[in-house]
Amino acid sequence: MAGKIKIPQCPQCGAVNEYGYCSKCRCRCEMISRDKRQVSDNFTVVDWFSSRSSAGLIVEDTTGKRYPIYMSDVFAHIDGLKLGELTLEETKKGSAYGWKVIVKEAA
Ligand SMILES: [Zn+2]
């Protein structure tokens, strides 16, 4: 049982609009409750996102459809994953210190 999820859906055209407004019909969406969907496929990491409230990875299925996954869930999945041999270099972004992966030129 995956349970239910509340999503904003346009009462006129039925489109799901994440931000609660249908730009096609120029109307506010109403919150509807439907069964959560599940997708099984082979996923590839293709991008990442970050906003004030969250960050994570964008993964793509074999048909090219993209799904944002929150970092906490990504981490739960890759906890302990070995990245192989890497060279890291200290870096500073604004006032934050961190490390970046150095890509070595092929000889
Ligand atoms: Zn609409």
# chains A, B, ... in the order shown; residues from 1 in each chain; ligands from 1
>>> residues_around(residues="range 43-52 of chain A", least_positions_apart="4", cutoff="12 Å", atoms="only C-alpha atoms", output="ChimeraX atom specification")
/A:39,56-71,74
>>> residues_around(residues="range 97-104 of chain A", least_positions_apart="6", cutoff="12 Å", atoms="only C-alpha atoms", output="PDB file with N, CA and C atoms, in the first residue's frame")
ATOM      1  N   LEU A  83      33.130   5.163  -3.992  1.00  0.00           N
ATOM      2  CA  LEU A  83      33.237   5.986  -5.196  1.00  0.00           C
ATOM      3  C   LEU A  83      34.475   5.652  -6.014  1.00  0.00           C
ATOM      4  N   GLY A  84      35.326   4.759  -5.500  1.00  0.00           N
ATOM      5  CA  GLY A  84      36.542   4.450  -6.218  1.00  0.00           C
ATOM      6  C   GLY A  84      37.595   5.491  -5.904  1.00  0.00           C
ATOM      7  N   GLU A  85      38.733   5.447  -6.595  1.00  0.00           N
ATOM      8  CA  GLU A  85      39.830   6.352  -6.279  1.00  0.00           C
ATOM      9  C   GLU A  85      39.586   7.730  -6.873  1.00  0.00           C
ATOM     10  N   LEU A  86      39.633   8.740  -6.015  1.00  0.00           N
ATOM     11  CA  LEU A  86      39.407  10.124  -6.434  1.00  0.00           C
ATOM     12  C   LEU A  86      40.506  10.998  -5.860  1.00  0.00           C
ATOM     13  N   THR A  87      40.754  12.145  -6.486  1.00  0.00           N
ATOM     14  CA  THR A  87      41.623  13.156  -5.900  1.00  0.00           C
ATOM     15  C   THR A  87      40.759  14.354  -5.559  1.00  0.00           C
ATOM     16  N   LEU A  88      40.809  14.786  -4.304  1.00  0.00           N
ATOM     17  CA  LEU A  88      40.016  15.930  -3.850  1.00  0.00           C
ATOM     18  C   LEU A  88      40.935  17.123  -3.609  1.00  0.00           C
ATOM     19  N   GLU A  89      40.385  18.312  -3.810  1.00  0.00           N
ATOM     20  CA  GLU A  89      41.147  19.533  -3.566  1.00  0.00           C
ATOM     21  C   GLU A  89      40.275  20.485  -2.761  1.00  0.00           C
ATOM     22  N   GLU A  90      40.908  21.170  -1.813  1.00  0.00           N
ATOM     23  CA  GLU A  90      40.154  22.123  -0.993  1.00  0.00           C
ATOM     24  C   GLU A  90      39.598  23.239  -1.842  1.00  0.00           C
ATOM     25  N   THR A  91      38.397  23.708  -1.496  1.00  0.00           N
ATOM     26  CA  THR A  91      37.780  24.798  -2.248  1.00  0.00           C
ATOM     27  C   THR A  91      36.997  25.668  -1.277  1.00  0.00           C
TER      28      THR A  91
END
>>> residues_near_ligand(ligand="ligand 1", cutoff="7 Å", atoms="only C-alpha atoms and all ligand atoms", output="JSON list (two decimals) with C-alpha atoms, in the first residue's frame")
[["chain", "number", "residue", "atom", "x", "y", "z"],
["A", 10, "CYS", "CA", -6.81, 22.15, -12.62],
["A", 11, "PRO", "CA", -10.62, 21.80, -12.27],
["A", 12, "GLN", "CA", -11.08, 22.69, -15.96],
["A", 13, "CYS", "CA", -8.46, 20.74, -17.95],
["A", 14, "GLY", "CA", -7.35, 18.22, -15.32],
["A", 15, "ALA", "CA", -3.65, 19.07, -15.65],
["A", 22, "CYS", "CA", -2.97, 26.47, -14.43],
["A", 23, "SER", "CA", -1.38, 28.92, -16.89],
["A", 24, "LYS", "CA", -3.39, 27.40, -19.75],
["A", 25, "CYS", "CA", -6.83, 27.96, -18.18],
["A", 26, "ARG", "CA", -5.67, 30.90, -16.00],
["A", 27, "CYS", "CA", -7.27, 29.48, -12.89]]
>>> select_by_dssp(residues="chain A", states="strand (DSSP E)", output="PyMOL selection string")
chain A and resi 4-9+21-22+27-28+30-35+44-50+55-60+66-70+87-93+96-102
>>> select_by_dssp(residues="chain A", states="helix (DSSP H, G or I)", output="CSV table (one decimal) with C-alpha atoms, in the first residue's frame")
chain,number,residue,atom,x,y,z
A,71,MET,CA,18.9,14.3,-1.0
A,72,SER,CA,17.9,12.5,2.2
A,73,ASP,CA,16.4,9.7,0.1
A,74,VAL,CA,19.4,9.7,-2.3
A,75,PHE,CA,21.6,9.4,0.7
A,76,ALA,CA,19.6,6.5,2.3
A,77,HIS,CA,20.1,4.7,-1.0
A,78,ILE,CA,23.8,5.3,-1.5
>>> residues_around(residues="Met31 in chain A", least_positions_apart="6", cutoff="10 Å", atoms="only C-alpha atoms", output="PyMOL selection string")
chain A and resi 5-11+16+20
>>> decode(residues="range 81-92 of chain A", atoms="N, CA and C atoms", output="short mmCIF file (atom, residue, chain, number, x, y, z; two decimals), in the first residue's frame")
data_model
loop_
_atom_site.label_atom_id
_atom_site.label_comp_id
_atom_site.auth_asym_id
_atom_site.auth_seq_id
_atom_site.Cartn_x
_atom_site.Cartn_y
_atom_site.Cartn_z
N LEU A 81 28.23 3.65 -0.32
CA LEU A 81 28.67 3.39 -1.69
C LEU A 81 30.13 3.80 -1.88
N LYS A 82 30.94 2.93 -2.44
CA LYS A 82 32.33 3.26 -2.69
C LYS A 82 32.45 3.99 -4.02
N LEU A 83 33.13 5.16 -3.99
CA LEU A 83 33.24 5.99 -5.20
C LEU A 83 34.47 5.65 -6.01
N GLY A 84 35.33 4.76 -5.50
CA GLY A 84 36.54 4.45 -6.22
C GLY A 84 37.59 5.49 -5.90
N GLU A 85 38.73 5.45 -6.60
CA GLU A 85 39.83 6.35 -6.28
C GLU A 85 39.59 7.73 -6.87
N LEU A 86 39.63 8.74 -6.02
CA LEU A 86 39.41 10.12 -6.43
C LEU A 86 40.51 11.00 -5.86
N THR A 87 40.75 12.14 -6.49
CA THR A 87 41.62 13.16 -5.90
C THR A 87 40.76 14.35 -5.56
N LEU A 88 40.81 14.79 -4.30
CA LEU A 88 40.02 15.93 -3.85
C LEU A 88 40.94 17.12 -3.61
N GLU A 89 40.39 18.31 -3.81
CA GLU A 89 41.15 19.53 -3.57
C GLU A 89 40.28 20.49 -2.76
N GLU A 90 40.91 21.17 -1.81
CA GLU A 90 40.15 22.12 -0.99
C GLU A 90 39.60 23.24 -1.84
N THR A 91 38.40 23.71 -1.50
CA THR A 91 37.78 24.80 -2.25
C THR A 91 37.00 25.67 -1.28
N LYS A 92 36.68 26.87 -1.70
CA LYS A 92 35.92 27.79 -0.86
C LYS A 92 34.83 28.41 -1.71
#
